[in-house]
Amino acid sequence: MLVFVTGASGYIGGAIAATLVRAGHRVRGLVRAPAKAAAVAACGIVPVIGTLDHAPLLAAEAGAADATINAADSDHADAVATLLAACAGRRLLHTSGISLHSDDARGERGETIHDETTSAPPHPDKAARAAIDASILAAAARGEAFAVIRNPLIYGDALGPPAASVQLPALAATARRLGRARHVGPGRNVWSYAALTDIVTLYRMLLARGERGLFYAEYGEADFATLTGAIAKALGQAPPLAWSIEEAASEWGEQRARHTYGSNCRVRARRARALGWQPRGESPEAWIARVIKP
Ligand SMILES: NC(=O)c1ccc[n+]([C@@H]2O[C@H](COP(=O)([O-])OP(=O)(O)OC[C@H]3O[C@@H](n4cnc5c(N)ncnc54)[C@H](OP(=O)(O)O)[C@@H]3O)[C@@H](O)[C@H]2O)c1
């Protein structure tokens, strides 16, 4: 199969692209920074220099490929509109995320759990992302082999060009810099998570089968007191401290403080598991203990 992957120098896209190459597929990958092209090529991915704003380039690459995987930016509406047209009659997997379900809980535990059968309005800050997902799902409902994968907190070693997930490493960086890890409020807020290896396996399964529609991905879930506690232990520090949402926003920015580190985003991957997807990567605590160093 000839596959076009956006975000080929990134954490998710690079892992999927490199794994597809290792499985014998031909992969062309969009690379924004020319300096990263060599690392992408070293994984056997043909670098295509350009950005998501280059509609003619995206249309040409997606139109020539059997399948396109959009893993550069979950929120780029124009790129998705271009890909929707170019991928008609072909396969398209779009990378979305569960922060769409953020509840602004500021570190308190929430009990709502989402899956493919529930329909909750997104947080207002995430309405644009929800509209992008909806445009793809509408095409899928009309019969196109298009799927949206709503990813959880992902962790794990890079599987393609050098890259790191933005979430747990940023918490570790804060803990290193300040000498203590931090969570928002009491840190009882819960996120679903999955290892990068399992995410890649899911994309490959959906791609091979030409699956359509909405999929959640999740291996388990943890609260942020637990995750930051594991980081503190790995760094040899005293237990984490609580931060107000304002303190967290000054460190991580308003959006990430509220919708990533302070919220509950709990999902169940019912459709993926029904297809036979069996996540089995290491837990986030095990990955933290193995990789996070003082
Ligand atoms: N990692 C997670 O746990 C997670 C979970 C759920 C959803 N997501 C979402 O999935 C998407 C990818 O995440 P990631 O962790 O793989 O991020 P990442 O490591 O930053 O990778 C994104 C890649 O896409 C490229 N890119 C970004 N904007 C682009 C543009 N306008 N034109 C061309 N290339 C562009 C980046 O290029 P540069 O190398 O030049 O920056 C980078 O190589 C993000 O939207 C993220 O919010 C991530």
# chains A, B, ... in the order shown; residues from 1 in each chain; ligands from 1
>>> residues_near_ligand(ligand="ligand 1", cutoff="9 Å", atoms="only C-alpha atoms and all ligand atoms", output="JSON, numbers by chain")
{"A": [6, 7, 8, 9, 10, 11, 12, 13, 14, 15, 30, 31, 32, 33, 34, 35, 36, 49, 50, 51, 52, 53, 54, 70, 71, 72, 73, 74, 75, 76, 79, 95, 96, 97, 98, 99, 149, 150, 151, 152, 153, 154, 155, 163, 164, 165, 166, 167, 168, 193, 194, 196]}
>>> select_by_dssp(residues="region 85-219 of chain A", states="helix (DSSP H, G or I)", output="mmCIF file with C-alpha atoms, in the first residue's frame")
data_model
loop_
_atom_site.group_PDB
_atom_site.id
_atom_site.type_symbol
_atom_site.label_atom_id
_atom_site.label_comp_id
_atom_site.auth_asym_id
_atom_site.auth_seq_id
_atom_site.Cartn_x
_atom_site.Cartn_y
_atom_site.Cartn_z
ATOM 1 C CA ALA A 85 -11.922 15.858 -1.031
ATOM 2 C CA ALA A 86 -8.645 14.260 -2.096
ATOM 3 C CA ILE A 98 -9.999 12.906 23.962
ATOM 4 C CA SER A 99 -9.325 16.378 25.388
ATOM 5 C CA LEU A 100 -12.429 17.194 23.377
ATOM 6 C CA HIS A 101 -14.252 15.822 26.455
ATOM 7 C CA PRO A 124 -16.739 25.010 24.192
ATOM 8 C CA ASP A 125 -12.963 25.466 23.804
ATOM 9 C CA LYS A 126 -12.935 22.232 21.802
ATOM 10 C CA ALA A 127 -15.926 22.920 19.551
ATOM 11 C CA ALA A 128 -13.708 23.530 16.506
ATOM 12 C CA ARG A 129 -11.998 20.164 16.949
ATOM 13 C CA ALA A 130 -15.381 18.467 17.330
ATOM 14 C CA ALA A 131 -16.561 20.120 14.092
ATOM 15 C CA ILE A 132 -13.511 18.760 12.250
ATOM 16 C CA ASP A 133 -14.199 15.259 13.565
ATOM 17 C CA ALA A 134 -17.866 15.613 12.601
ATOM 18 C CA SER A 135 -16.990 16.531 9.007
ATOM 19 C CA ILE A 136 -14.955 13.339 8.654
ATOM 20 C CA LEU A 137 -17.597 11.204 10.346
ATOM 21 C CA ALA A 138 -20.269 12.625 8.031
ATOM 22 C CA ALA A 139 -18.250 11.476 5.015
ATOM 23 C CA ALA A 140 -17.779 8.088 6.649
ATOM 24 C CA ALA A 141 -21.542 7.843 7.147
ATOM 25 C CA GLN A 167 2.304 15.192 28.108
ATOM 26 C CA LEU A 168 4.250 13.177 30.725
ATOM 27 C CA PRO A 169 7.702 14.520 29.684
ATOM 28 C CA ALA A 170 6.448 18.079 30.261
ATOM 29 C CA LEU A 171 5.321 17.167 33.784
ATOM 30 C CA ALA A 172 8.749 15.646 34.409
ATOM 31 C CA ALA A 173 10.475 18.755 33.046
ATOM 32 C CA THR A 174 8.511 20.926 35.486
ATOM 33 C CA ALA A 175 9.384 18.608 38.372
ATOM 34 C CA ARG A 176 13.080 18.688 37.460
ATOM 35 C CA ARG A 177 13.132 22.460 37.156
ATOM 36 C CA LEU A 178 11.259 23.171 40.411
ATOM 37 C CA LEU A 196 2.436 4.354 21.693
ATOM 38 C CA THR A 197 3.070 0.777 20.539
ATOM 39 C CA ASP A 198 -0.619 -0.039 21.026
ATOM 40 C CA ILE A 199 -1.755 3.141 19.273
ATOM 41 C CA VAL A 200 0.343 2.204 16.242
ATOM 42 C CA THR A 201 -1.155 -1.292 16.250
ATOM 43 C CA LEU A 202 -4.655 0.202 16.267
ATOM 44 C CA TYR A 203 -3.953 2.524 13.314
ATOM 45 C CA ARG A 204 -2.480 -0.394 11.351
ATOM 46 C CA MET A 205 -5.533 -2.522 12.087
ATOM 47 C CA LEU A 206 -7.978 0.181 11.025
ATOM 48 C CA LEU A 207 -5.931 0.934 7.913
ATOM 49 C CA ALA A 208 -5.706 -2.686 6.807
ATOM 50 C CA ARG A 209 -9.421 -3.262 7.293
#
>>> atom_distance(atom1="CA of Glu108 (chain A)", atom2="CA of Gly262 (chain A)")
7.9 Å
>>> residues_around(residues="Ala39 (chain A)", least_positions_apart="5", cutoff="9 Å", atoms="only C-alpha atoms", output="list in words")
Ser9, Gly160, Pro161 and Pro162 of chain A
>>> write_last_selection(atoms="C-alpha atoms", output="PDB file, in the first residue's frame")
ATOM      1  CA  SER A   9       8.623  13.833  11.969  1.00  0.00           C
ATOM      2  CA  GLY A 160      10.257   6.487  14.295  1.00  0.00           C
ATOM      3  CA  PRO A 161      12.284   9.695  13.988  1.00  0.00           C
ATOM      4  CA  PRO A 162      13.365  11.169  17.358  1.00  0.00           C
TER       5      PRO A 162
END
>>> residues_around(residues="His114 (chain A)", least_positions_apart="6", cutoff="9 Å", atoms="only C-alpha atoms", output="compact mmCIF listing (two decimals) with C-alpha atoms, in the first residue's frame")
# COMPACT_ATOMS: atom_id res chain seq x y z
CA HIS A 101 -14.25 15.82 26.46
CA ALA A 120 -21.85 14.57 24.75
CA TYR A 216 -11.57 5.72 20.86
CA CYS A 265 -10.96 12.73 29.99
CA ARG A 266 -12.19 9.18 30.45
CA VAL A 267 -13.09 6.94 27.52
CA ARG A 268 -13.60 3.30 26.63
CA ALA A 269 -12.34 1.88 23.33
>>> atom_distance(atom1="CA of Ser263 (chain A)", atom2="CA of Gly185 (chain A)")
10.3 Å
>>> closest_residue(among="A:Arg273, A:Ala248, A:Ser192, A:Phe215", to="Ile113 (chain A)", atoms="only C-alpha atoms")
A:Ser192
>>> select_by_dssp(residues="region 8-193 of chain A", states="strand (DSSP E)", output="PyMOL selection string")
chain A and resi 26-31+46-49+67-70+91-97+145-151+153-155+182-184+190-193
>>> residues_around(residues="Gly210 (chain A)", least_positions_apart="4", cutoff="8 Å", atoms="only C-alpha atoms", output="ChimeraX atom specification")
/A:91,145-146,206
>>> write_last_selection(atoms="N, CA and C atoms", output="PDB file, in the first residue's frame")
ATOM      1  N   ARG A  91      -8.663   5.632   1.547  1.00  0.00           N
ATOM      2  CA  ARG A  91      -8.763   5.502   2.998  1.00  0.00           C
ATOM      3  C   ARG A  91      -8.138   6.716   3.691  1.00  0.00           C
ATOM      4  N   ALA A 145     -14.324   5.336   3.402  1.00  0.00           N
ATOM      5  CA  ALA A 145     -13.521   4.580   4.375  1.00  0.00           C
ATOM      6  C   ALA A 145     -12.650   5.556   5.176  1.00  0.00           C
ATOM      7  N   PHE A 146     -13.330   6.411   5.917  1.00  0.00           N
ATOM      8  CA  PHE A 146     -12.668   7.450   6.719  1.00  0.00           C
ATOM      9  C   PHE A 146     -12.918   7.141   8.209  1.00  0.00           C
ATOM     10  N   LEU A 206      -6.905  -0.579  11.684  1.00  0.00           N
ATOM     11  CA  LEU A 206      -7.978   0.181  11.025  1.00  0.00           C
ATOM     12  C   LEU A 206      -7.647   0.415   9.558  1.00  0.00           C
TER      13      LEU A 206
END
>>> closest_residue(among="A:Val148, A:Ile245, A:Leu92, A:Leu214", to="Ala257 (chain A)", atoms="only C-alpha atoms")
A:Ile245
>>> residues_around(residues="Ala242 (chain A)", least_positions_apart="6", cutoff="10 Å", atoms="only C-alpha atoms", output="PDB file with N, CA and C atoms, in the first residue's frame")
ATOM      1  N   GLY A 107      -8.675  19.477  38.693  1.00  0.00           N
ATOM      2  CA  GLY A 107      -8.034  18.493  39.557  1.00  0.00           C
ATOM      3  C   GLY A 107      -8.974  17.629  40.367  1.00  0.00           C
ATOM      4  N   ALA A 181       7.375  17.715  41.701  1.00  0.00           N
ATOM      5  CA  ALA A 181       6.332  17.573  40.682  1.00  0.00           C
ATOM      6  C   ALA A 181       5.085  18.335  41.129  1.00  0.00           C
ATOM      7  N   ARG A 182       4.248  18.686  40.148  1.00  0.00           N
ATOM      8  CA  ARG A 182       3.010  19.429  40.450  1.00  0.00           C
ATOM      9  C   ARG A 182       1.829  18.770  39.744  1.00  0.00           C
ATOM     10  N   HIS A 183       0.671  18.775  40.425  1.00  0.00           N
ATOM     11  CA  HIS A 183      -0.589  18.441  39.762  1.00  0.00           C
ATOM     12  C   HIS A 183      -1.566  19.564  40.021  1.00  0.00           C
ATOM     13  N   VAL A 184      -2.640  19.614  39.240  1.00  0.00           N
ATOM     14  CA  VAL A 184      -3.643  20.669  39.396  1.00  0.00           C
ATOM     15  C   VAL A 184      -4.591  20.267  40.523  1.00  0.00           C
ATOM     16  N   GLY A 185      -4.829  21.178  41.464  1.00  0.00           N
ATOM     17  CA  GLY A 185      -5.719  20.884  42.605  1.00  0.00           C
ATOM     18  C   GLY A 185      -5.261  19.603  43.284  1.00  0.00           C
ATOM     19  N   PRO A 186      -6.212  18.770  43.711  1.00  0.00           N
ATOM     20  CA  PRO A 186      -5.824  17.548  44.422  1.00  0.00           C
ATOM     21  C   PRO A 186      -5.280  16.456  43.508  1.00  0.00           C
ATOM     22  N   GLY A 187      -5.323  16.664  42.191  1.00  0.00           N
ATOM     23  CA  GLY A 187      -4.797  15.654  41.254  1.00  0.00           C
ATOM     24  C   GLY A 187      -5.649  14.403  41.180  1.00  0.00           C
ATOM     25  N   ALA A 225      -2.472  12.602  40.359  1.00  0.00           N
ATOM     26  CA  ALA A 225      -1.672  12.436  41.573  1.00  0.00           C
ATOM     27  C   ALA A 225      -0.820  11.179  41.435  1.00  0.00           C
ATOM     28  N   ALA A 248      -0.856  26.589  37.483  1.00  0.00           N
ATOM     29  CA  ALA A 248      -0.614  25.615  36.414  1.00  0.00           C
ATOM     30  C   ALA A 248      -0.592  26.289  35.054  1.00  0.00           C
TER      31      ALA A 248
END
>>> closest_residue(among="A:Arg106, A:Ser283, A:Gln237, A:Ala289", to="Arg258 (chain A)", atoms="only C-alpha atoms")
A:Arg106
>>> closest_residue(among="A:Gly156, A:Tyr261, A:Ala222, A:Met1", to="Gly24 (chain A)", atoms="only C-alpha atoms")
A:Met1
>>> closest_residue(among="A:Glu111, A:Asp104, A:Glu285, A:Asp66", to="His123 (chain A)", atoms="only C-alpha atoms")
A:Asp104
